[in-house]
Amino acid sequence: MKRTRILYACFFAASLAYAYFNGGTVPYMLLYSVILLPVISFAYTMIIYCRFKYEQKLDKKAVTKGEPVNLTFSVSNEDFLIYPYIRVSFYGEESTFQSQIQSCSFSLKPFSKKTRTVKLRCRYRGRYEIGIKAIEFVDFFGLFSLRYRIAKPRHITVYPRIVKLMGFHLKTDFISESHAILSNKGEDMTTISDIRKYEYGDSLRRIHWKLTAKTSEIMVKKFQSTSETNAVIMLDLRRNSYDSGKNIMIEDKVIESVVAVLYFCLYNWIPVNMVFYSGKLYDIHAKNYMMFHEIFEILSKVEFNETVQLKDLLELYADNTLIPRANILLFTSNLDYGLCSQVYKTADSGLDVSIIYTSPQDSQGEADGAEEDILRSLPDIGVRCYRINSGDDDIEKILEG
């Protein structure tokens, strides 16, 4: 467009000089034609801008990470005019859906329609703007353009994967045991603590036959645990200072690891307190699998934009002894000496602390400086550390290890 404007300016100057030095019918006719051309072209483009029609639709409004979504859009010409140059741009083409969708240009003949369907794969958890961002119309001579912006974009919610762990390291006896891998042992078979619907894999010995007969649904019993295992999951919602693409990858891994451990705990009847700060302090208590989806919905849409540090949440709980017997699981992508110091104090008070740290490095990278020192030193005081890279690390393998 810049080149055509320069060319027009040269053409206008030449016709002006020609009319000024020569006069006459032809030179003035040429000059007035040059002056009127952009005016007529602008009016023509304005008519197109006011008359065009567009449509767009998504086949899904919510998907699980990795699933595709189909975006279908169309631009219509319902007039006898030619639409010469149209350019359509999209939300996320430079970030979320980079390399999957790109701006496209085309023209439309009279009474014609351009329709296109794009399959987009949602790679990371979150809520994203999707669809047409703007439709740009350029005049015949390329001197100017009119841009129609879509004020209300479509949105799609991408839910995190649910990684089903076979095991996760939790302390089961805060008096006599050190650390132990959770098993189904250690239950008082004479005391029922809860009842739920049957799920594949449940032992037949747990079936509550009388209640099953009354409800016509298979119900199973959950017995009182003699180890009194419970967990407090603390989530750090501070945003890192990386670019948006890197932050999306990191946040996706943090949430995916939280969901994996949360699912494991609730599926195995381990009571959980889900603690995080998002505008206010949240402390969500769940004691069985029936509450998993409620917390899962919250974690799917939570945003990483807070300033409250994880060490402050940990200090609040530890100093007020709100969790005298619990496994404290810290999920963060911000590892520093301030958090390390508070972890030392908490572990020294007798609570069992584990850190699940999401590193900005890829699957082959090494943690930098202070982070590497912290990851090496914490195990010396009995704090378990899990490092998950933002690249292609296998969360299941790391958390079960």
# chains A, B, ... in the order shown; residues from 1 in each chain; ligands from 1
$ residues_around --residues "segment 165-167 of chain A" --least-positions-apart "3" --cutoff "12 Å" --atoms "only C-alpha atoms" --output "MDAnalysis selection string"
chainID A and resid 162 170 180:184 256:268 394:401
$ residues_around --residues "Phe11 of chain A" --least-positions-apart "4" --cutoff "12 Å" --atoms "only C-alpha atoms" --output "list in words"
Thr4, Arg5, Ile6, Leu7, Ser15, Leu16, Ala17, Tyr18, Leu30, Leu31, Ser33, Val34, Ile35 and Leu37 of chain A
$ atom_distance --atom1 "atom CA of Gln100 of chain A" --atom2 "atom CA of Pro153 of chain A"
18.0 Å
$ residues_around --residues "Asn273 of chain A" --least-positions-apart "3" --cutoff "10 Å" --atoms "only C-alpha atoms" --output "CSV table (one decimal) with N, CA, C and O atoms, in the first residue's frame"
chain,number,residue,atom,x,y,z
A,230,ASN,N,-4.3,-37.0,54.8
A,230,ASN,CA,-5.0,-36.0,54.1
A,230,ASN,C,-4.0,-35.0,53.5
A,230,ASN,O,-2.8,-35.2,53.7
A,231,ALA,N,-4.4,-34.2,52.6
A,231,ALA,CA,-3.5,-33.4,51.8
A,231,ALA,C,-4.0,-31.9,51.7
A,231,ALA,O,-5.2,-31.7,51.6
A,232,VAL,N,-3.1,-31.0,51.7
A,232,VAL,CA,-3.4,-29.6,51.4
A,232,VAL,C,-2.6,-29.2,50.2
A,232,VAL,O,-1.4,-29.3,50.1
A,233,ILE,N,-3.4,-28.9,49.1
A,233,ILE,CA,-2.8,-28.5,47.8
A,233,ILE,C,-2.8,-27.0,47.7
A,233,ILE,O,-3.8,-26.4,47.7
A,234,MET,N,-1.6,-26.4,47.7
A,234,MET,CA,-1.5,-25.0,47.5
A,234,MET,C,-1.0,-24.6,46.1
A,234,MET,O,0.1,-25.1,45.7
A,262,LEU,N,-4.8,-34.1,42.5
A,262,LEU,CA,-6.1,-33.9,43.1
A,262,LEU,C,-7.0,-35.2,42.7
A,262,LEU,O,-7.7,-35.7,43.6
A,276,PHE,N,-5.7,-21.5,47.3
A,276,PHE,CA,-5.1,-20.6,46.3
A,276,PHE,C,-5.7,-19.2,46.5
A,276,PHE,O,-6.7,-19.1,47.2
A,282,TYR,N,-9.1,-18.7,48.7
A,282,TYR,CA,-9.9,-19.9,48.5
A,282,TYR,C,-9.4,-21.0,49.3
A,282,TYR,O,-8.2,-21.3,49.2
A,283,ASP,N,-10.2,-21.7,50.0
A,283,ASP,CA,-9.9,-22.9,50.7
A,283,ASP,C,-11.0,-23.9,50.6
A,283,ASP,O,-12.0,-23.9,51.3
A,284,ILE,N,-10.9,-24.7,49.5
A,284,ILE,CA,-12.0,-25.6,49.1
A,284,ILE,C,-11.7,-27.0,49.7
A,284,ILE,O,-10.7,-27.6,49.4
A,285,HIS,N,-12.6,-27.5,50.5
A,285,HIS,CA,-12.5,-28.8,51.1
A,285,HIS,C,-13.2,-29.9,50.4
A,285,HIS,O,-14.4,-29.7,50.0
A,286,ALA,N,-12.6,-31.0,50.0
A,286,ALA,CA,-13.2,-32.1,49.3
A,286,ALA,C,-12.7,-33.4,50.0
A,286,ALA,O,-11.6,-33.5,50.3
A,287,LYS,N,-13.7,-34.3,50.2
A,287,LYS,CA,-13.3,-35.5,50.9
A,287,LYS,C,-13.6,-36.8,50.0
A,287,LYS,O,-13.2,-37.9,50.5
A,323,ILE,N,-3.6,-26.8,59.8
A,323,ILE,CA,-3.4,-28.1,59.2
A,323,ILE,C,-2.4,-28.9,60.1
A,323,ILE,O,-1.3,-29.2,59.6
A,326,ALA,N,-1.1,-33.1,58.0
A,326,ALA,CA,-1.4,-33.1,56.6
A,326,ALA,C,-0.2,-33.1,55.8
A,326,ALA,O,0.9,-32.8,56.2
A,328,ILE,N,1.5,-31.3,52.8
A,328,ILE,CA,1.4,-30.0,52.2
A,328,ILE,C,2.1,-30.1,50.8
A,328,ILE,O,3.3,-30.4,50.7
$ select_by_dssp --residues "segment 234-294 of chain A" --states "strand (DSSP E or B)" --output "PDB file with C-alpha atoms, in the first residue's frame"
ATOM      1  CA  MET A 234      -1.454 -24.992  47.545  1.00  0.00           C
ATOM      2  CA  LEU A 235      -1.429 -23.411  44.099  1.00  0.00           C
ATOM      3  CA  ARG A 238       1.622 -15.643  40.034  1.00  0.00           C
ATOM      4  CA  VAL A 272      -8.044 -32.532  50.252  1.00  0.00           C
ATOM      5  CA  ASN A 273      -7.962 -28.820  50.941  1.00  0.00           C
ATOM      6  CA  MET A 274      -7.455 -26.862  47.706  1.00  0.00           C
ATOM      7  CA  VAL A 275      -5.873 -23.521  48.631  1.00  0.00           C
ATOM      8  CA  PHE A 276      -5.071 -20.593  46.341  1.00  0.00           C
ATOM      9  CA  TYR A 277      -5.467 -16.823  46.129  1.00  0.00           C
ATOM     10  CA  LEU A 281      -8.365 -16.581  49.550  1.00  0.00           C
ATOM     11  CA  TYR A 282      -9.943 -19.865  48.490  1.00  0.00           C
ATOM     12  CA  ASP A 283      -9.878 -22.939  50.739  1.00  0.00           C
ATOM     13  CA  ILE A 284     -12.018 -25.634  49.130  1.00  0.00           C
ATOM     14  CA  HIS A 285     -12.456 -28.814  51.142  1.00  0.00           C
ATOM     15  CA  ALA A 286     -13.192 -32.087  49.342  1.00  0.00           C
TER      16      ALA A 286
END
$ decode --residues "segment 66-93 of chain A" --atoms "N, CA, C and O atoms" --output "JSON list (two decimals), in the first residue's frame"
[["chain", "number", "residue", "atom", "x", "y", "z"],
["A", 66, "GLY", "N", -5.80, -30.97, 23.67],
["A", 66, "GLY", "CA", -5.41, -31.91, 22.63],
["A", 66, "GLY", "C", -6.51, -32.20, 21.63],
["A", 66, "GLY", "O", -6.23, -32.68, 20.52],
["A", 67, "GLU", "N", -7.75, -31.91, 22.00],
["A", 67, "GLU", "CA", -8.86, -32.15, 21.08],
["A", 67, "GLU", "C", -8.96, -31.04, 20.04],
["A", 67, "GLU", "O", -8.62, -29.89, 20.32],
["A", 68, "PRO", "N", -9.44, -31.35, 18.82],
["A", 68, "PRO", "CA", -9.59, -30.33, 17.79],
["A", 68, "PRO", "C", -10.94, -29.63, 17.89],
["A", 68, "PRO", "O", -11.91, -30.16, 18.44],
["A", 69, "VAL", "N", -11.00, -28.42, 17.35],
["A", 69, "VAL", "CA", -12.25, -27.69, 17.22],
["A", 69, "VAL", "C", -12.31, -27.13, 15.81],
["A", 69, "VAL", "O", -11.28, -26.68, 15.27],
["A", 70, "ASN", "N", -13.45, -27.17, 15.19],
["A", 70, "ASN", "CA", -13.61, -26.70, 13.81],
["A", 70, "ASN", "C", -14.22, -25.31, 13.79],
["A", 70, "ASN", "O", -15.30, -25.08, 14.34],
["A", 71, "LEU", "N", -13.49, -24.38, 13.17],
["A", 71, "LEU", "CA", -13.97, -23.01, 12.98],
["A", 71, "LEU", "C", -14.39, -22.86, 11.52],
["A", 71, "LEU", "O", -13.58, -23.06, 10.61],
["A", 72, "THR", "N", -15.65, -22.53, 11.30],
["A", 72, "THR", "CA", -16.16, -22.32, 9.95],
["A", 72, "THR", "C", -16.56, -20.85, 9.80],
["A", 72, "THR", "O", -17.30, -20.32, 10.64],
["A", 73, "PHE", "N", -16.07, -20.20, 8.75],
["A", 73, "PHE", "CA", -16.42, -18.80, 8.51],
["A", 73, "PHE", "C", -16.73, -18.60, 7.04],
["A", 73, "PHE", "O", -16.29, -19.37, 6.17],
["A", 74, "SER", "N", -17.49, -17.55, 6.77],
["A", 74, "SER", "CA", -17.83, -17.22, 5.38],
["A", 74, "SER", "C", -18.00, -15.72, 5.23],
["A", 74, "SER", "O", -18.41, -15.04, 6.18],
["A", 75, "VAL", "N", -17.67, -15.21, 4.05],
["A", 75, "VAL", "CA", -17.88, -13.81, 3.69],
["A", 75, "VAL", "C", -18.70, -13.81, 2.40],
["A", 75, "VAL", "O", -18.36, -14.50, 1.44],
["A", 76, "SER", "N", -19.79, -13.04, 2.38],
["A", 76, "SER", "CA", -20.74, -13.08, 1.26],
["A", 76, "SER", "C", -20.81, -11.75, 0.53],
["A", 76, "SER", "O", -20.75, -10.67, 1.14],
["A", 77, "ASN", "N", -20.97, -11.83, -0.78],
["A", 77, "ASN", "CA", -21.21, -10.68, -1.65],
["A", 77, "ASN", "C", -22.61, -10.84, -2.23],
["A", 77, "ASN", "O", -22.85, -11.70, -3.07],
["A", 78, "GLU", "N", -23.54, -10.01, -1.77],
["A", 78, "GLU", "CA", -24.93, -10.10, -2.20],
["A", 78, "GLU", "C", -25.28, -9.05, -3.23],
["A", 78, "GLU", "O", -26.46, -8.80, -3.53],
["A", 79, "ASP", "N", -24.27, -8.38, -3.78],
["A", 79, "ASP", "CA", -24.48, -7.31, -4.75],
["A", 79, "ASP", "C", -23.94, -7.70, -6.13],
["A", 79, "ASP", "O", -23.27, -8.72, -6.28],
["A", 80, "PHE", "N", -24.18, -6.85, -7.12],
["A", 80, "PHE", "CA", -23.65, -7.06, -8.46],
["A", 80, "PHE", "C", -22.25, -6.47, -8.61],
["A", 80, "PHE", "O", -21.66, -6.51, -9.68],
["A", 81, "LEU", "N", -21.72, -5.91, -7.52],
["A", 81, "LEU", "CA", -20.39, -5.32, -7.54],
["A", 81, "LEU", "C", -19.32, -6.40, -7.31],
["A", 81, "LEU", "O", -19.59, -7.44, -6.72],
["A", 82, "ILE", "N", -18.11, -6.10, -7.72],
["A", 82, "ILE", "CA", -16.98, -6.98, -7.45],
["A", 82, "ILE", "C", -16.31, -6.53, -6.16],
["A", 82, "ILE", "O", -16.07, -5.34, -5.97],
["A", 83, "TYR", "N", -16.02, -7.48, -5.27],
["A", 83, "TYR", "CA", -15.25, -7.17, -4.07],
["A", 83, "TYR", "C", -13.79, -7.52, -4.39],
["A", 83, "TYR", "O", -13.41, -8.70, -4.35],
["A", 84, "PRO", "N", -12.96, -6.53, -4.68],
["A", 84, "PRO", "CA", -11.63, -6.83, -5.24],
["A", 84, "PRO", "C", -10.63, -7.44, -4.27],
["A", 84, "PRO", "O", -10.04, -8.48, -4.55],
["A", 85, "TYR", "N", -10.41, -6.79, -3.12],
["A", 85, "TYR", "CA", -9.37, -7.27, -2.21],
["A", 85, "TYR", "C", -9.92, -7.35, -0.78],
["A", 85, "TYR", "O", -10.24, -6.33, -0.17],
["A", 86, "ILE", "N", -10.01, -8.57, -0.26],
["A", 86, "ILE", "CA", -10.51, -8.80, 1.10],
["A", 86, "ILE", "C", -9.45, -9.59, 1.86],
["A", 86, "ILE", "O", -8.90, -10.56, 1.34],
["A", 87, "ARG", "N", -9.19, -9.16, 3.08],
["A", 87, "ARG", "CA", -8.22, -9.86, 3.92],
["A", 87, "ARG", "C", -8.87, -10.15, 5.27],
["A", 87, "ARG", "O", -9.37, -9.24, 5.93],
["A", 88, "VAL", "N", -8.85, -11.41, 5.68],
["A", 88, "VAL", "CA", -9.45, -11.84, 6.95],
["A", 88, "VAL", "C", -8.35, -12.25, 7.91],
["A", 88, "VAL", "O", -7.50, -13.09, 7.58],
["A", 89, "SER", "N", -8.32, -11.67, 9.11],
["A", 89, "SER", "CA", -7.35, -12.04, 10.15],
["A", 89, "SER", "C", -8.10, -12.66, 11.33],
["A", 89, "SER", "O", -9.30, -12.43, 11.51],
["A", 90, "PHE", "N", -7.36, -13.43, 12.15],
["A", 90, "PHE", "CA", -7.98, -14.25, 13.19],
["A", 90, "PHE", "C", -7.33, -14.02, 14.55],
["A", 90, "PHE", "O", -6.13, -13.69, 14.64],
["A", 91, "TYR", "N", -8.12, -14.23, 15.59],
["A", 91, "TYR", "CA", -7.58, -14.21, 16.95],
["A", 91, "TYR", "C", -6.67, -15.43, 17.14],
["A", 91, "TYR", "O", -6.99, -16.53, 16.70],
["A", 92, "GLY", "N", -5.54, -15.20, 17.82],
["A", 92, "GLY", "CA", -4.65, -16.30, 18.17],
["A", 92, "GLY", "C", -3.72, -16.76, 17.07],
["A", 92, "GLY", "O", -2.93, -17.68, 17.28],
["A", 93, "GLU", "N", -3.75, -16.13, 15.90],
["A", 93, "GLU", "CA", -2.90, -16.59, 14.81],
["A", 93, "GLU", "C", -1.42, -16.30, 15.06],
["A", 93, "GLU", "O", -0.55, -16.91, 14.44]]
